[in-house]
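Enquirer: Just passing along the structure, written as structure tokens.
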Amino acid sequence: MHKCRGESGHHPVTFIHKENKSPKSCPNPNLLYKTHFPHKQINPQKQFLNSITRRKIKKLAGKSRNLPGNQETWIYLCFISTRGMDLINFEATELRLGLPEIKLTTSPVNTNKRSAPEMEYSSRSPPPTKAQVVGWPPVRSYRKNILQGKKSEPEMGSGMYVKVSMDGAPYLRKVDLKVYKSYGELLKGLEEMFKCIIGLYSEREGYKSEYAPTYEDKDGDWMLLGDVPWDMFLTSCRRLRIMKSCDVIES
Amino acid sequence: MGFPEEVLEHVFSFITSHTDRNVVSLVCKSWYEIERWCRRRIFVGNCYAVSPAMMIRRFPEVRSVELKGKPHFADFNLVPDGWGGYFYPWICEMARAYPWLEEIKLKRMVVTDDNLELISKSFKNFKVLVLSSCEGFSTHGLAAIAANCRNLRELDLRESEVEDLSGHWLSHFPDSCTSLQSLNMSCLSSEVSFSALQRLIARSPNLKTLRLNRAVPLEKLSTLLRRAPQLVELGTGAYSAEIRPDVYANLTEAFSRCKEVKGLSGFWDVLPSYLPAIYSVCSRLTSLNLSYATIQSPDVTKIITQCPNLQSLSVLDYIEDTGLNALSLSCKDLRELRVFPSDPFVANANVSLTEQGLVAVSEGCSKLQSVLYFCRQMSNSALTTIAKNRPNLTCFRLCILEPRAPDYLTFEPLDVGFGAIVEHCKQLQRLSLSGLLTDRVFEYIGKWAKKLEMLSIAFAGDSDLGLHHVLSGCDSLRKLEIRDCPFGDKALLANVSKLETMRSLWMSSCSVSLGACKRLSQKMPRLNVEVIDEQGDLDSRPDNCHVEKLYIYRTVAGPRFDMPSFIRTMDQNPTYRS
């Protein structure tokens, strides 16, 4: 059996080949194939699908050898990822015959530079996000990008890099603030980067350790890290500086 | 007719609609001649339907050209890169033939920096450039427009994909340029020089429309508004900043001075605390676009309940049914509603927006004409209610996020619901279908939708009969776009002459064979039957294989020659049949 990623549903796709023909000898696994039900529209309605069982498919594959002409005899099956017992949706049936128009590709179809990376290979367990078909739902790409910015995962490609200086260190570093979700994570990252210990923040006393993490905000003022909510910090932080505690002036 | 030419010309100058002009030109030969010499505005709905040379030959004194390129489904990445729609051949000819050209409006076309530079240098009186959903150019091209178009009135880049190299282009507007009335740069991401922007606005007393991009910070918005209190349409930049009372106070005051503002948009990254700053303009608002504002229902509701004159609203589904209910009670003048999905790829609803919201609006807003609605569930009864409530609908586009989703109450197809829409809404011009649909819905559409001009179909129907109902029944159909439907050869070949009465037909992932495409092309020489197949090697395919994508359009310009290798026009000469 030869597994590939299917396009229209990122379903795992399986070829059943003619006996003795291995996937490797198949001239082009991405070729459109022909159905073996001439003149019958493949009707994806559930009554048809429910009637197909694994045994029947194997039988059909066997029968295909006897079809007239020099037609290729690939039948492929789409094993649709299980998504719970949603019987209304035909996708709940385990097997369906793919329509000839559905391309089978081993890599996401990306001839269009504008298409988002929509092809996800789904495993047997129900995926957290919806199956993605090219161009569906009909939402323009600039709308998708706007909203993705709101998610907690970092945006593809655009980080929020700020310079970090540490008193006494010979050169500056840069960190991507979007990678962190909270002050705790950021501080841990800084500690690792500079091999120092900054410790925990306290509202009354700031940082008890040798170092105090500060940042320059939009107004040019140097602020102690931790005073404002994380989201507000993200919008106002221009650069970071890890100061020696003895230099920190209490305001 | 015994009137002298000058009189007729004068009469014709009052006829501005394109269709009326076309009709006038058909009355008699002399009217045709007079009309063509005094036609000033041209609209070409499909840039491949006619050649630039033909247009120029017939209409030598044109001042405004509007062109459309790629098919609508290009918006959703269904049209591969390199398809076409190049502005290049048009600008080359127009630069020579129309030295007095004033306006160019393009939609879904490929425009390069060289094209833009050519525009900026060829037309002394150039005034209006609208690039809607275009691509292929960068901010360098914009710099050329800014620098060279002395009388530029309008620069609108709506939703175009621009290679954003820097914000420096804006600084190319010379100090002498004071003619700007409309600037829409909302699709750009780079930050422009704020001082250049400020000065440009300050020296443009006729500036009525200003749509900023996301990079213009909220703290600086009040500075700009103070210099343009005459604005009618404003698009903000990012709408969040550190919470500072002085920023808030300045913003509130600046907005309160904008007595003419009727339309607001922008609102990226909204921080709700800053929203009350716009309250002073709400009562005058006729148009509000909050479709980038990720604010929750209570905040949205607070705004819209203060906008009794609202005619057009675009919003995310965060508005929820409760917000739509409030809308239906507060905004009795609403004509257009567009609700976009906040999280289209999540299977389960992340917000409480259902068909009920739309039903409520259809009940409360008696002037509602145009609907674009993304939701996760729909029922026949809701659709029927909407249809009976609002027989004045002219545009109904419903997108149920799950393909082939049935009526969630009865599990039936939604045929009856959409049938009610077309039956009751007799003026319906545009319709987009979704959900589980059989051939029956197309029977209803063919029977009732006599004024329908544009129809979009996805994942619907059972057989060729569905397509046949549409092609044979919809008398006014101009644009038909279909994806993933079991429509094949029979319906197409039975309705060949219909296709010449339409602008275009798009079919992708359907069951049309290559052979049928060839036959169609041979029968109808004035159609271009273009087969798109990225698998490659169209020549060696047998006739009974199904084509990936098919685009058919009427044309007097013959087959085009700017196609990539994966697109072929089926040739019309039967002796060369392969």
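By order in the structure tokens, chains are A, B, ...; within a chain, residues start at 1; ligands start at 1, following the order shown.
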Please check the contacts: residues of chain B at most 7 Å away from chain A, using only C-alpha atoms, listed as a list in words.
Expert: Asp75, Phe76, Asn77, Leu78, Pro80, Asp81, Glu242, Tyr292, Ser342, Pro344, Phe345, Val346, Ala347, Leu401, Ser509, Cys510, His546 and Glu548 of chain B
Enquirer: Output the selection as a CSV table (one decimal), in the first residue's frame - all heavy atoms for each residue.
Expert:
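Final output, saved to again_22.csv:
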chain,number,residue,atom,x,y,z
B,75,ASP,N,-9.6,35.2,-5.8
B,75,ASP,CA,-9.6,35.7,-4.4
B,75,ASP,C,-9.4,34.6,-3.4
B,75,ASP,O,-8.9,34.8,-2.3
B,75,ASP,CB,-10.9,36.4,-4.0
B,75,ASP,CG,-11.1,37.7,-4.7
B,75,ASP,OD1,-10.1,38.2,-5.3
B,75,ASP,OD2,-12.2,38.3,-4.5
B,76,PHE,N,-9.7,33.4,-3.7
B,76,PHE,CA,-9.6,32.2,-2.8
B,76,PHE,C,-8.6,31.2,-3.3
B,76,PHE,O,-8.7,30.1,-3.0
B,76,PHE,CB,-11.0,31.6,-2.6
B,76,PHE,CG,-12.1,32.6,-2.5
B,76,PHE,CD1,-13.2,32.6,-3.3
B,76,PHE,CD2,-12.0,33.5,-1.5
B,76,PHE,CE1,-14.2,33.5,-3.2
B,76,PHE,CE2,-13.0,34.5,-1.3
B,76,PHE,CZ,-14.1,34.5,-2.2
B,77,ASN,N,-7.6,31.7,-4.0
B,77,ASN,CA,-6.4,30.9,-4.4
B,77,ASN,C,-6.8,29.8,-5.3
B,77,ASN,O,-6.1,28.8,-5.4
B,77,ASN,CB,-5.7,30.3,-3.2
B,77,ASN,CG,-5.2,31.4,-2.3
B,77,ASN,OD1,-5.0,32.5,-2.7
B,77,ASN,ND2,-5.1,31.2,-1.0
B,78,LEU,N,-7.9,29.9,-6.0
B,78,LEU,CA,-8.2,28.8,-6.9
B,78,LEU,C,-7.7,29.0,-8.3
B,78,LEU,O,-7.6,28.1,-9.2
B,78,LEU,CB,-9.8,28.6,-7.1
B,78,LEU,CG,-10.4,28.0,-5.8
B,78,LEU,CD1,-11.9,28.0,-5.9
B,78,LEU,CD2,-9.9,26.6,-5.6
B,80,PRO,N,-4.4,29.6,-10.5
B,80,PRO,CA,-3.0,29.5,-10.2
B,80,PRO,C,-2.2,30.8,-10.6
B,80,PRO,O,-2.6,31.5,-11.5
B,80,PRO,CB,-2.6,28.3,-11.1
B,80,PRO,CG,-3.7,27.9,-11.9
B,80,PRO,CD,-4.9,28.7,-11.5
B,81,ASP,N,-1.1,30.9,-10.0
B,81,ASP,CA,-0.2,32.0,-10.4
B,81,ASP,C,0.2,32.0,-11.8
B,81,ASP,O,0.5,30.9,-12.4
B,81,ASP,CB,1.1,31.8,-9.6
B,81,ASP,CG,1.2,32.9,-8.5
B,81,ASP,OD1,0.2,33.6,-8.3
B,81,ASP,OD2,2.2,32.9,-7.8
B,242,GLU,N,-0.7,52.3,24.6
B,242,GLU,CA,-0.7,52.2,26.0
B,242,GLU,C,-1.8,53.1,26.5
B,242,GLU,O,-2.2,54.1,26.0
B,242,GLU,CB,0.6,52.9,26.5
B,242,GLU,CG,1.8,51.9,26.5
B,242,GLU,CD,3.0,52.7,26.9
B,242,GLU,OE1,3.0,53.2,28.1
B,242,GLU,OE2,3.9,52.7,26.2
B,292,TYR,N,-11.9,43.9,11.1
B,292,TYR,CA,-10.6,43.5,11.6
B,292,TYR,C,-10.6,43.7,13.1
B,292,TYR,O,-9.6,43.4,13.7
B,292,TYR,CB,-9.5,44.4,11.0
B,292,TYR,CG,-9.5,44.3,9.5
B,292,TYR,CD1,-9.8,45.4,8.7
B,292,TYR,CD2,-9.1,43.1,8.9
B,292,TYR,CE1,-9.8,45.3,7.3
B,292,TYR,CE2,-9.1,43.0,7.5
B,292,TYR,CZ,-9.4,44.1,6.7
B,292,TYR,OH,-9.4,44.0,5.4
B,342,SER,N,-14.3,34.7,12.5
B,342,SER,CA,-13.1,35.0,13.2
B,342,SER,C,-12.2,33.8,13.2
B,342,SER,O,-10.9,34.0,13.2
B,342,SER,CB,-13.5,35.3,14.6
B,342,SER,OG,-14.3,34.3,15.2
B,344,PRO,N,-12.2,30.6,10.9
B,344,PRO,CA,-12.9,29.8,9.9
B,344,PRO,C,-12.4,28.3,9.9
B,344,PRO,O,-13.1,27.5,9.4
B,344,PRO,CB,-12.5,30.4,8.6
B,344,PRO,CG,-11.4,31.3,8.9
B,344,PRO,CD,-11.4,31.7,10.3
B,345,PHE,N,-11.3,28.0,10.5
B,345,PHE,CA,-10.8,26.7,10.4
B,345,PHE,C,-11.0,25.8,11.6
B,345,PHE,O,-10.5,24.7,11.7
B,345,PHE,CB,-9.3,26.7,10.0
B,345,PHE,CG,-9.1,27.4,8.7
B,345,PHE,CD1,-8.4,28.6,8.7
B,345,PHE,CD2,-9.6,26.9,7.5
B,345,PHE,CE1,-8.2,29.3,7.6
B,345,PHE,CE2,-9.4,27.6,6.4
B,345,PHE,CZ,-8.7,28.8,6.4
B,346,VAL,N,-11.7,26.3,12.6
B,346,VAL,CA,-12.0,25.5,13.8
B,346,VAL,C,-13.3,24.9,13.6
B,346,VAL,O,-14.3,25.5,13.1
B,346,VAL,CB,-12.0,26.5,15.0
B,346,VAL,CG1,-12.8,25.9,16.1
B,346,VAL,CG2,-10.6,26.8,15.4
B,347,ALA,N,-13.4,23.6,13.9
B,347,ALA,CA,-14.6,22.8,13.6
B,347,ALA,C,-15.8,23.2,14.4
B,347,ALA,O,-16.9,23.4,13.9
B,347,ALA,CB,-14.3,21.3,13.8
B,401,LEU,N,-19.8,27.2,7.0
B,401,LEU,CA,-18.4,26.8,6.9
B,401,LEU,C,-18.1,25.4,6.6
B,401,LEU,O,-17.2,25.1,5.9
B,401,LEU,CB,-17.7,27.2,8.3
B,401,LEU,CG,-17.7,28.7,8.5
B,401,LEU,CD1,-17.2,29.0,9.9
B,401,LEU,CD2,-16.7,29.3,7.5
B,509,SER,N,-12.7,21.4,-10.4
B,509,SER,CA,-13.0,20.1,-9.7
B,509,SER,C,-14.4,19.6,-9.9
B,509,SER,O,-15.1,19.2,-9.0
B,509,SER,CB,-12.8,20.3,-8.2
B,509,SER,OG,-11.6,20.8,-7.9
B,510,CYS,N,-14.8,19.7,-11.2
B,510,CYS,CA,-16.1,19.2,-11.6
B,510,CYS,C,-15.9,18.0,-12.5
B,510,CYS,O,-14.8,17.4,-12.5
B,510,CYS,CB,-17.0,20.3,-12.3
B,510,CYS,SG,-17.4,21.6,-11.2
B,546,HIS,N,-11.0,14.1,-17.1
B,546,HIS,CA,-11.7,15.3,-16.6
B,546,HIS,C,-10.6,16.4,-16.4
B,546,HIS,O,-9.5,16.2,-16.0
B,546,HIS,CB,-12.3,15.0,-15.2
B,546,HIS,CG,-13.5,14.1,-15.3
B,546,HIS,ND1,-14.1,13.6,-14.2
B,546,HIS,CD2,-14.2,13.7,-16.4
B,546,HIS,CE1,-15.1,12.9,-14.6
B,546,HIS,NE2,-15.2,12.9,-15.9
B,548,GLU,N,-9.1,19.8,-14.7
B,548,GLU,CA,-9.0,20.3,-13.4
B,548,GLU,C,-9.9,21.5,-13.3
B,548,GLU,O,-10.7,21.7,-12.4
B,548,GLU,CB,-7.6,20.8,-13.1
B,548,GLU,CG,-6.8,19.8,-12.3
B,548,GLU,CD,-5.4,20.4,-12.1
B,548,GLU,OE1,-5.2,21.6,-11.9
B,548,GLU,OE2,-4.4,19.6,-12.3
Enquirer: Set the distance at 7 Å and use only C-alpha atoms: which residues neighbour region 118-128 of chain B once local chain neighbours fewer than 3 positions away are removed? I'd like the list as a PyMOL selection string.
Expert: chain B and resi 95+99-104+114-115+144-145+148-149+151-155
Enquirer: Name all residues at most 7 Å from Tyr183 (chain A) (count only C-alpha atoms; drop same-chain ones fewer than 4 positions away) and give them as number ranges by chain.
Expert: A: 187, 226, 230
Enquirer: Residues as selected, N, CA and C atoms, written as an mmCIF file, in the first residue's frame, can you do that?
Expert:
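That gives us part_27.cif:
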data_model
loop_
_atom_site.group_PDB
_atom_site.id
_atom_site.type_symbol
_atom_site.label_atom_id
_atom_site.label_comp_id
_atom_site.auth_asym_id
_atom_site.auth_seq_id
_atom_site.Cartn_x
_atom_site.Cartn_y
_atom_site.Cartn_z
ATOM 1 N N LEU A 187 11.928 35.814 31.280
ATOM 2 C CA LEU A 187 13.043 35.878 32.217
ATOM 3 C C LEU A 187 13.890 34.617 32.152
ATOM 4 N N GLY A 226 7.982 43.848 34.450
ATOM 5 C CA GLY A 226 7.029 43.157 35.313
ATOM 6 C C GLY A 226 5.935 44.035 35.870
ATOM 7 N N TRP A 230 1.454 41.836 30.675
ATOM 8 C CA TRP A 230 2.302 41.317 29.615
ATOM 9 C C TRP A 230 1.952 41.892 28.248
#
Enquirer: Mind giving me the straight-line distance from CA of Pro341 (chain B) to CA of Ser456 (chain B) in Å, one decimal?
Expert: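 The value is 18.7 Å.
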Enquirer: So that I can see what lies close to region 218-228 of chain B, please list as a PyMOL selection string the residues with an atom at most 10 Å from it, counting only C-alpha atoms and leaving out residues fewer than 6 positions away in the same chain.
Expert: chain B and resi 194-195+197-210+212+234+236-242+244+246-258+267+270+274
Enquirer: Find the distance between CA of Val50 (chain B) and CA of Cys474 (chain B) and write it in Å to one decimal.
Expert: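 Between these atoms lies a distance of 25.0 Å.
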Enquirer: Please extract the residues of region 129-253 of chain B with a backbone DSSP assignment of strand (DSSP E or B) and present them as a ChimeraX atom specification.
Expert: /B:129-132,135-138,154-156,161-163,182-184,209-211,233-235,238
Enquirer: I'd like the neighbourhood of region 430-439 of chain B as a ChimeraX atom specification, where a residue qualifies if any of its atoms comes within 8 Å (using only C-alpha atoms), though same-chain residues fewer than 3 positions away should be ignored.
Expert: /B:394-400,402-407,412-415,418,442-443,452-463,465-466
Enquirer: Let me see the file: selected residues, N, CA, C and O atoms, as a short mmCIF file (atom, residue, chain, number, x, y, z; two decimals), in the first residue's frame.
Expert:
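Saved the output as out06.cif:
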data_model
loop_
_atom_site.label_atom_id
_atom_site.label_comp_id
_atom_site.auth_asym_id
_atom_site.auth_seq_id
_atom_site.Cartn_x
_atom_site.Cartn_y
_atom_site.Cartn_z
N THR B 394 -31.16 42.00 -2.79
CA THR B 394 -30.57 41.94 -4.13
C THR B 394 -29.30 41.10 -4.15
O THR B 394 -28.86 40.66 -5.20
N CYS B 395 -28.71 40.91 -2.95
CA CYS B 395 -27.48 40.13 -2.90
C CYS B 395 -27.53 39.26 -1.66
O CYS B 395 -27.68 39.78 -0.56
N PHE B 396 -27.44 37.95 -1.86
CA PHE B 396 -27.51 37.04 -0.72
C PHE B 396 -26.39 36.03 -0.85
O PHE B 396 -26.42 35.17 -1.73
N ARG B 397 -25.40 36.18 0.03
CA ARG B 397 -24.27 35.27 -0.03
C ARG B 397 -24.12 34.62 1.33
O ARG B 397 -23.80 35.27 2.31
N LEU B 398 -24.41 33.35 1.35
CA LEU B 398 -24.37 32.62 2.61
C LEU B 398 -23.25 31.59 2.54
O LEU B 398 -23.17 30.83 1.58
N CYS B 399 -22.41 31.59 3.56
CA CYS B 399 -21.37 30.58 3.59
C CYS B 399 -21.43 29.81 4.90
O CYS B 399 -21.04 30.31 5.96
N ILE B 400 -21.95 28.61 4.81
CA ILE B 400 -21.93 27.71 5.96
C ILE B 400 -20.57 27.04 5.91
O ILE B 400 -20.19 26.43 4.90
N GLU B 402 -18.94 24.50 6.99
CA GLU B 402 -18.72 23.09 6.67
C GLU B 402 -19.33 22.80 5.30
O GLU B 402 -20.53 22.99 5.11
N PRO B 403 -18.57 22.29 4.34
CA PRO B 403 -19.17 21.96 3.05
C PRO B 403 -20.24 20.89 3.21
O PRO B 403 -20.10 19.98 4.01
N ARG B 404 -21.31 21.04 2.46
CA ARG B 404 -22.40 20.06 2.44
C ARG B 404 -23.08 19.88 3.78
O ARG B 404 -23.62 18.81 4.07
N ALA B 405 -23.09 20.90 4.58
CA ALA B 405 -23.79 20.79 5.87
C ALA B 405 -25.30 20.85 5.63
O ALA B 405 -25.78 21.76 4.96
N PRO B 406 -26.04 19.92 6.19
CA PRO B 406 -27.49 19.94 5.97
C PRO B 406 -28.18 20.89 6.93
O PRO B 406 -27.54 21.50 7.78
N ASP B 407 -29.47 21.00 6.79
CA ASP B 407 -30.32 21.71 7.74
C ASP B 407 -30.05 21.08 9.12
O ASP B 407 -30.21 19.88 9.29
N GLU B 412 -32.19 17.68 6.48
CA GLU B 412 -32.51 17.67 5.06
C GLU B 412 -31.54 18.58 4.30
O GLU B 412 -30.87 19.41 4.91
N PRO B 413 -31.52 18.45 2.99
CA PRO B 413 -30.77 19.45 2.22
C PRO B 413 -31.44 20.82 2.36
O PRO B 413 -32.60 20.92 2.76
N LEU B 414 -30.68 21.86 2.01
CA LEU B 414 -31.20 23.22 2.16
C LEU B 414 -31.88 23.73 0.90
O LEU B 414 -32.02 24.93 0.69
N ASP B 415 -32.32 22.80 0.04
CA ASP B 415 -32.93 23.18 -1.23
C ASP B 415 -34.12 24.10 -1.02
O ASP B 415 -34.27 25.13 -1.68
N PHE B 418 -33.17 27.78 0.16
CA PHE B 418 -32.66 28.64 -0.91
C PHE B 418 -33.73 28.85 -1.98
O PHE B 418 -33.77 29.89 -2.63
N PHE B 442 -31.35 23.82 -7.79
CA PHE B 442 -31.09 24.45 -9.08
C PHE B 442 -32.35 24.52 -9.92
O PHE B 442 -32.51 25.43 -10.75
N GLU B 443 -33.23 23.59 -9.68
CA GLU B 443 -34.54 23.66 -10.34
C GLU B 443 -35.25 24.93 -9.90
O GLU B 443 -35.78 25.68 -10.72
N LEU B 452 -31.19 37.08 -11.68
CA LEU B 452 -29.90 36.72 -11.13
C LEU B 452 -28.79 36.92 -12.14
O LEU B 452 -28.85 36.40 -13.25
N GLU B 453 -27.75 37.67 -11.73
CA GLU B 453 -26.64 37.95 -12.64
C GLU B 453 -25.39 37.18 -12.26
O GLU B 453 -24.57 36.87 -13.13
N MET B 454 -25.21 36.90 -10.97
CA MET B 454 -24.00 36.20 -10.56
C MET B 454 -24.34 35.10 -9.57
O MET B 454 -25.03 35.35 -8.58
N LEU B 455 -23.87 33.89 -9.85
CA LEU B 455 -24.18 32.74 -9.01
C LEU B 455 -22.89 32.00 -8.67
O LEU B 455 -22.09 31.70 -9.56
N SER B 456 -22.69 31.71 -7.38
CA SER B 456 -21.51 30.97 -6.93
C SER B 456 -21.95 29.68 -6.27
O SER B 456 -22.77 29.71 -5.36
N ILE B 457 -21.42 28.57 -6.75
CA ILE B 457 -21.84 27.25 -6.28
C ILE B 457 -20.63 26.45 -5.83
O ILE B 457 -19.60 26.44 -6.52
N ALA B 458 -20.75 25.78 -4.70
CA ALA B 458 -19.64 24.95 -4.21
C ALA B 458 -20.20 23.71 -3.53
O ALA B 458 -21.12 23.81 -2.73
N PHE B 459 -19.64 22.56 -3.84
CA PHE B 459 -19.98 21.31 -3.17
C PHE B 459 -21.48 21.06 -3.20
O PHE B 459 -22.10 20.74 -2.18
N ALA B 460 -22.10 21.24 -4.36
CA ALA B 460 -23.55 21.11 -4.42
C ALA B 460 -23.99 20.31 -5.64
O ALA B 460 -23.23 20.14 -6.59
N GLY B 461 -25.21 19.85 -5.62
CA GLY B 461 -25.82 19.20 -6.77
C GLY B 461 -25.53 17.71 -6.85
O GLY B 461 -24.66 17.18 -6.15
N ASP B 462 -26.32 17.05 -7.70
CA ASP B 462 -26.14 15.60 -7.88
C ASP B 462 -25.71 15.24 -9.28
O ASP B 462 -25.05 14.23 -9.49
N SER B 463 -26.14 16.03 -10.24
CA SER B 463 -25.91 15.60 -11.62
C SER B 463 -25.95 16.79 -12.56
O SER B 463 -26.21 17.92 -12.14
N LEU B 465 -28.10 17.69 -14.42
CA LEU B 465 -29.41 18.35 -14.45
C LEU B 465 -29.37 19.67 -13.67
O LEU B 465 -29.97 20.66 -14.08
N GLY B 466 -28.64 19.66 -12.59
CA GLY B 466 -28.52 20.88 -11.79
C GLY B 466 -27.99 22.03 -12.62
O GLY B 466 -28.57 23.11 -12.68
#
Enquirer: I need the residues of region 230-329 of chain B that end up classed as helix (DSSP H, G or I) by DSSP on the backbone, written out as number ranges by chain.
Expert: B: 245-257, 272-282, 297-304, 317-329
Enquirer: What is the CA of Glu481 (chain B) to CA of His468 (chain B) distance in Å?
Expert: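 Calculated distance between CA of Glu481 (chain B) and CA of His468 (chain B) is 14.1 Å.
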Enquirer: Given the choices B:Leu275, B:Met563, B:Cys38, B:Val422, which gets closest to Ile243 (chain B) if the distance is worked out from only C-alpha atoms?
Expert: B:Leu275
Enquirer: May I have the residues within 9 Å of region 513-518 of chain B as an MDAnalysis selection string, using only C-alpha atoms and disregarding those fewer than 6 positions away in the same chain?
Expert: chainID B and resid 488:490 492:493 529:531 538 541:547 550 570:572 577
Enquirer: Report as a short mmCIF file (atom, residue, chain, number, x, y, z; two decimals) with all heavy atoms, in the first residue's frame all protein, DNA and RNA residues lying within 8 Å of Glu163 (chain B), evaluated on only C-alpha atoms, omitting residues in the same chain fewer than 5 positions from it.
Expert:
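And here's selection.cif as it stands now:
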data_model
loop_
_atom_site.label_atom_id
_atom_site.label_comp_id
_atom_site.auth_asym_id
_atom_site.auth_seq_id
_atom_site.Cartn_x
_atom_site.Cartn_y
_atom_site.Cartn_z
N GLY B 136 1.62 42.50 -8.22
CA GLY B 136 2.71 42.58 -9.19
C GLY B 136 3.52 43.86 -9.09
O GLY B 136 4.52 44.01 -9.80
N PHE B 137 3.12 44.77 -8.22
CA PHE B 137 3.88 46.02 -8.11
C PHE B 137 4.39 46.21 -6.69
O PHE B 137 3.99 45.51 -5.77
CB PHE B 137 3.03 47.21 -8.55
CG PHE B 137 1.78 47.44 -7.73
CD1 PHE B 137 1.74 48.41 -6.73
CD2 PHE B 137 0.64 46.68 -7.95
CE1 PHE B 137 0.59 48.62 -5.99
CE2 PHE B 137 -0.52 46.89 -7.21
CZ PHE B 137 -0.54 47.86 -6.22
N SER B 138 5.31 47.16 -6.57
CA SER B 138 5.89 47.42 -5.26
C SER B 138 5.70 48.90 -4.93
O SER B 138 5.17 49.67 -5.71
CB SER B 138 7.38 47.10 -5.26
OG SER B 138 8.09 48.12 -5.94
N THR B 139 6.20 49.29 -3.78
CA THR B 139 6.09 50.68 -3.35
C THR B 139 6.92 51.59 -4.24
O THR B 139 6.69 52.81 -4.27
CB THR B 139 6.52 50.82 -1.89
OG1 THR B 139 7.67 50.00 -1.65
CG2 THR B 139 5.40 50.34 -0.96
#
